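Colleague: Starting off with a structure, shown below.
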Amino acid sequence: MSQTMFDLLLRSLWETVLMTAASGLISLLFGLPLGLALIATDRGGIAERLWVNRTLGAVVNGFRSVPFIILLVALIPLTRLIVGTSIGTWAAIVPLAIAATPYYARIAEVSLREVDRGLIEAVRAMGGGCWAIIREVLVPEALPGIVAGFTVTLVTLVGASAMAGAIGAGGLGDLAIRYGYQRFETAVMVAVVAVLIVLVCGIQWIGDRLVARLDHRA
């Protein structure tokens, strides 16, 4: 592999990391509160509002049911409105974040459902309100699962960012398509696959170590 191609590989890796990190952070900031809202407003929840729960659930399921490549194209007008363009790394962050947020919300919801209801009732018995239950029980007890789910979300975003490269988002996917596939440069394709494997394994390893430190049951 030439020096020029190596520089392209490094730049593409940085673009992929940027897309994954930025969209992952947005999905965490919006997905976790959405997961908390889904669990809190459900039947028997700490703030039961079934109509809110059904509405949020329908929106989440609606976005999750759309394949990412279709969502990527459908959101082009919104992407252009937010960042001023529909191509490039920053443009890809918009659909990536919108796709990842409901996905992570459902993962967080599953982790939050596993919290012992006895702990919730204990806080209630001591006069704790909804925010106290969320702050003192739900989030701390579900934290290992929340982090594990976020790790899975980041890994999924790596794959989605590669898919976004098909429409000019940049990153490793774009490099693999333009050089590895269209120009039949096998070395480039092999290098991209190897880098993606290392990147995903690195994210998973960090996530697993963090979960192990947070899990007080271990």
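By order of appearance in the structure tokens: chains A, B, ..., then residues from 1 within every chain, and ligands from 1 in the order shown.
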Go through range 107-210 of chain A and flag each residue having an atom no more than 9 Å from range 29-41 of chain A; for those, report the closest pair of atoms plus their distance in Å to one decimal, using only C-alpha atoms, ordered by chain and rising number, as a Markdown table.
Modeller:
```
| residue | atom | partner | partner_atom | distance |
| --- | --- | --- | --- | --- |
| A:Ile107 | CA | A:Gly35 | CA | 7.8 |
| A:Ala108 | CA | A:Gly35 | CA | 5.5 |
| A:Glu109 | CA | A:Gly35 | CA | 4.7 |
| A:Val110 | CA | A:Gly35 | CA | 8.5 |
| A:Leu112 | CA | A:Ile39 | CA | 7.1 |
| A:Arg113 | CA | A:Ile39 | CA | 7.0 |
| A:Cys130 | CA | A:Ala40 | CA | 8.4 |
| A:Ile134 | CA | A:Leu36 | CA | 8.0 |
| A:Leu138 | CA | A:Leu36 | CA | 8.5 |
| A:Val139 | CA | A:Leu36 | CA | 8.8 |
| A:Ile146 | CA | A:Leu32 | CA | 8.2 |
```
Colleague: Within range 51-153 of chain A, find each residue whose DSSP state, derived from the backbone, is alpha helix (DSSP H), and express the selection as an NGL selection string.
Modeller: :A and (51-64 or 68-74 or 76-83 or 89-113 or 117-125 or 130-133 or 139-153)
Colleague: Please compute the CA of Met189 in chain A-CA of Phe6 in chain A distance, one decimal, in Å.
Modeller: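 So the two atoms, CA of Met189 in chain A and CA of Phe6 in chain A, lie 12.4 Å apart.
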Colleague: Quick one: residues within 7 Å of range 75-92 of chain A, only C-alpha atoms, excluding same-chain residues fewer than 3 positions away - as a list in words?
Modeller: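 Contacts, with the query itself left out: Glu15, Met19, Leu71, Leu72, Pro95, Leu96, Ala164, Gly168, Ala169 and Gly170 of chain A.
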Colleague: Output as CSV one row per residue of range 7-120 of chain A within 10 Å of range 191-214 of chain A: the closest atom pair and its distance in Å to one decimal place, counting only C-alpha atoms, sorted by chain and residue number ascending.
Modeller:
```
residue,atom,partner,partner_atom,distance
A:Leu9,CA,A:Val192,CA,7.5
A:Leu10,CA,A:Val195,CA,9.8
A:Ser12,CA,A:Val192,CA,9.2
A:Leu13,CA,A:Val195,CA,7.9
A:Thr16,CA,A:Leu196,CA,9.4
A:Val17,CA,A:Leu199,CA,8.7
```
Colleague: Report the closest atom pair, with its distance in Å rounded to one decimal, for each residue of range 88-182 of chain A that has an atom no farther than 9 Å from range 48-63 of chain A; count only C-alpha atoms, sort by chain and then rising residue number, and write it as CSV.
Modeller:
```
residue,atom,partner,partner_atom,distance
A:Ile98,CA,A:Phe63,CA,8.1
A:Ala99,CA,A:Phe63,CA,6.8
A:Thr101,CA,A:Val60,CA,8.6
A:Pro102,CA,A:Val60,CA,5.1
A:Tyr103,CA,A:Val60,CA,7.8
A:Ala105,CA,A:Val60,CA,8.1
A:Arg106,CA,A:Val60,CA,8.1
```
Colleague: Please, could you write that set of residues out with all heavy atoms as a short mmCIF file (atom, residue, chain, number, x, y, z; two decimals), in the first residue's frame?
Modeller:
```
data_model
loop_
_atom_site.label_atom_id
_atom_site.label_comp_id
_atom_site.auth_asym_id
_atom_site.auth_seq_id
_atom_site.Cartn_x
_atom_site.Cartn_y
_atom_site.Cartn_z
N ILE A 98 -30.18 10.02 14.59
CA ILE A 98 -31.62 9.79 14.61
C ILE A 98 -31.94 8.30 14.60
O ILE A 98 -32.89 7.85 15.24
CB ILE A 98 -32.29 10.51 13.42
CG1 ILE A 98 -32.19 12.03 13.63
CG2 ILE A 98 -33.74 10.09 13.25
CD1 ILE A 98 -32.73 12.85 12.48
N ALA A 99 -31.15 7.53 13.89
CA ALA A 99 -31.37 6.07 13.86
C ALA A 99 -30.94 5.41 15.17
O ALA A 99 -31.59 4.47 15.64
CB ALA A 99 -30.59 5.47 12.70
N THR A 101 -30.73 6.77 18.29
CA THR A 101 -31.42 7.19 19.51
C THR A 101 -32.55 6.25 19.91
O THR A 101 -32.58 5.78 21.05
CB THR A 101 -31.93 8.64 19.36
OG1 THR A 101 -30.81 9.52 19.22
CG2 THR A 101 -32.73 9.06 20.58
N PRO A 102 -33.52 5.93 19.03
CA PRO A 102 -34.56 4.98 19.43
C PRO A 102 -34.02 3.57 19.67
O PRO A 102 -34.54 2.84 20.52
CB PRO A 102 -35.55 5.01 18.26
CG PRO A 102 -34.76 5.53 17.11
CD PRO A 102 -33.76 6.47 17.69
N TYR A 103 -32.98 3.21 18.92
CA TYR A 103 -32.36 1.89 19.12
C TYR A 103 -31.80 1.78 20.53
O TYR A 103 -32.05 0.80 21.25
CB TYR A 103 -31.25 1.71 18.07
CG TYR A 103 -30.46 0.44 18.19
CD1 TYR A 103 -30.94 -0.75 17.67
CD2 TYR A 103 -29.22 0.43 18.82
CE1 TYR A 103 -30.21 -1.93 17.78
CE2 TYR A 103 -28.48 -0.73 18.93
CZ TYR A 103 -28.98 -1.91 18.40
OH TYR A 103 -28.25 -3.06 18.51
N ALA A 105 -32.59 3.69 23.06
CA ALA A 105 -33.67 3.87 24.04
C ALA A 105 -34.29 2.53 24.41
O ALA A 105 -34.57 2.27 25.59
CB ALA A 105 -34.74 4.80 23.48
N ARG A 106 -34.49 1.66 23.44
CA ARG A 106 -35.06 0.35 23.72
C ARG A 106 -34.08 -0.52 24.51
O ARG A 106 -34.49 -1.26 25.42
CB ARG A 106 -35.43 -0.36 22.41
CG ARG A 106 -36.70 0.15 21.77
CD ARG A 106 -37.90 -0.02 22.67
NE ARG A 106 -39.15 0.28 21.97
CZ ARG A 106 -40.32 0.40 22.56
NH1 ARG A 106 -40.42 0.27 23.88
NH2 ARG A 106 -41.41 0.66 21.87
#
```
Colleague: Pick out the closest residue to Arg117 in chain A from this set: A:Ala187, A:Ile46, A:Leu28, A:Leu143. Count only C-alpha atoms.
Modeller: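 Counting only C-alpha atoms, the residue closest to Arg117 in chain A is A:Ile46.
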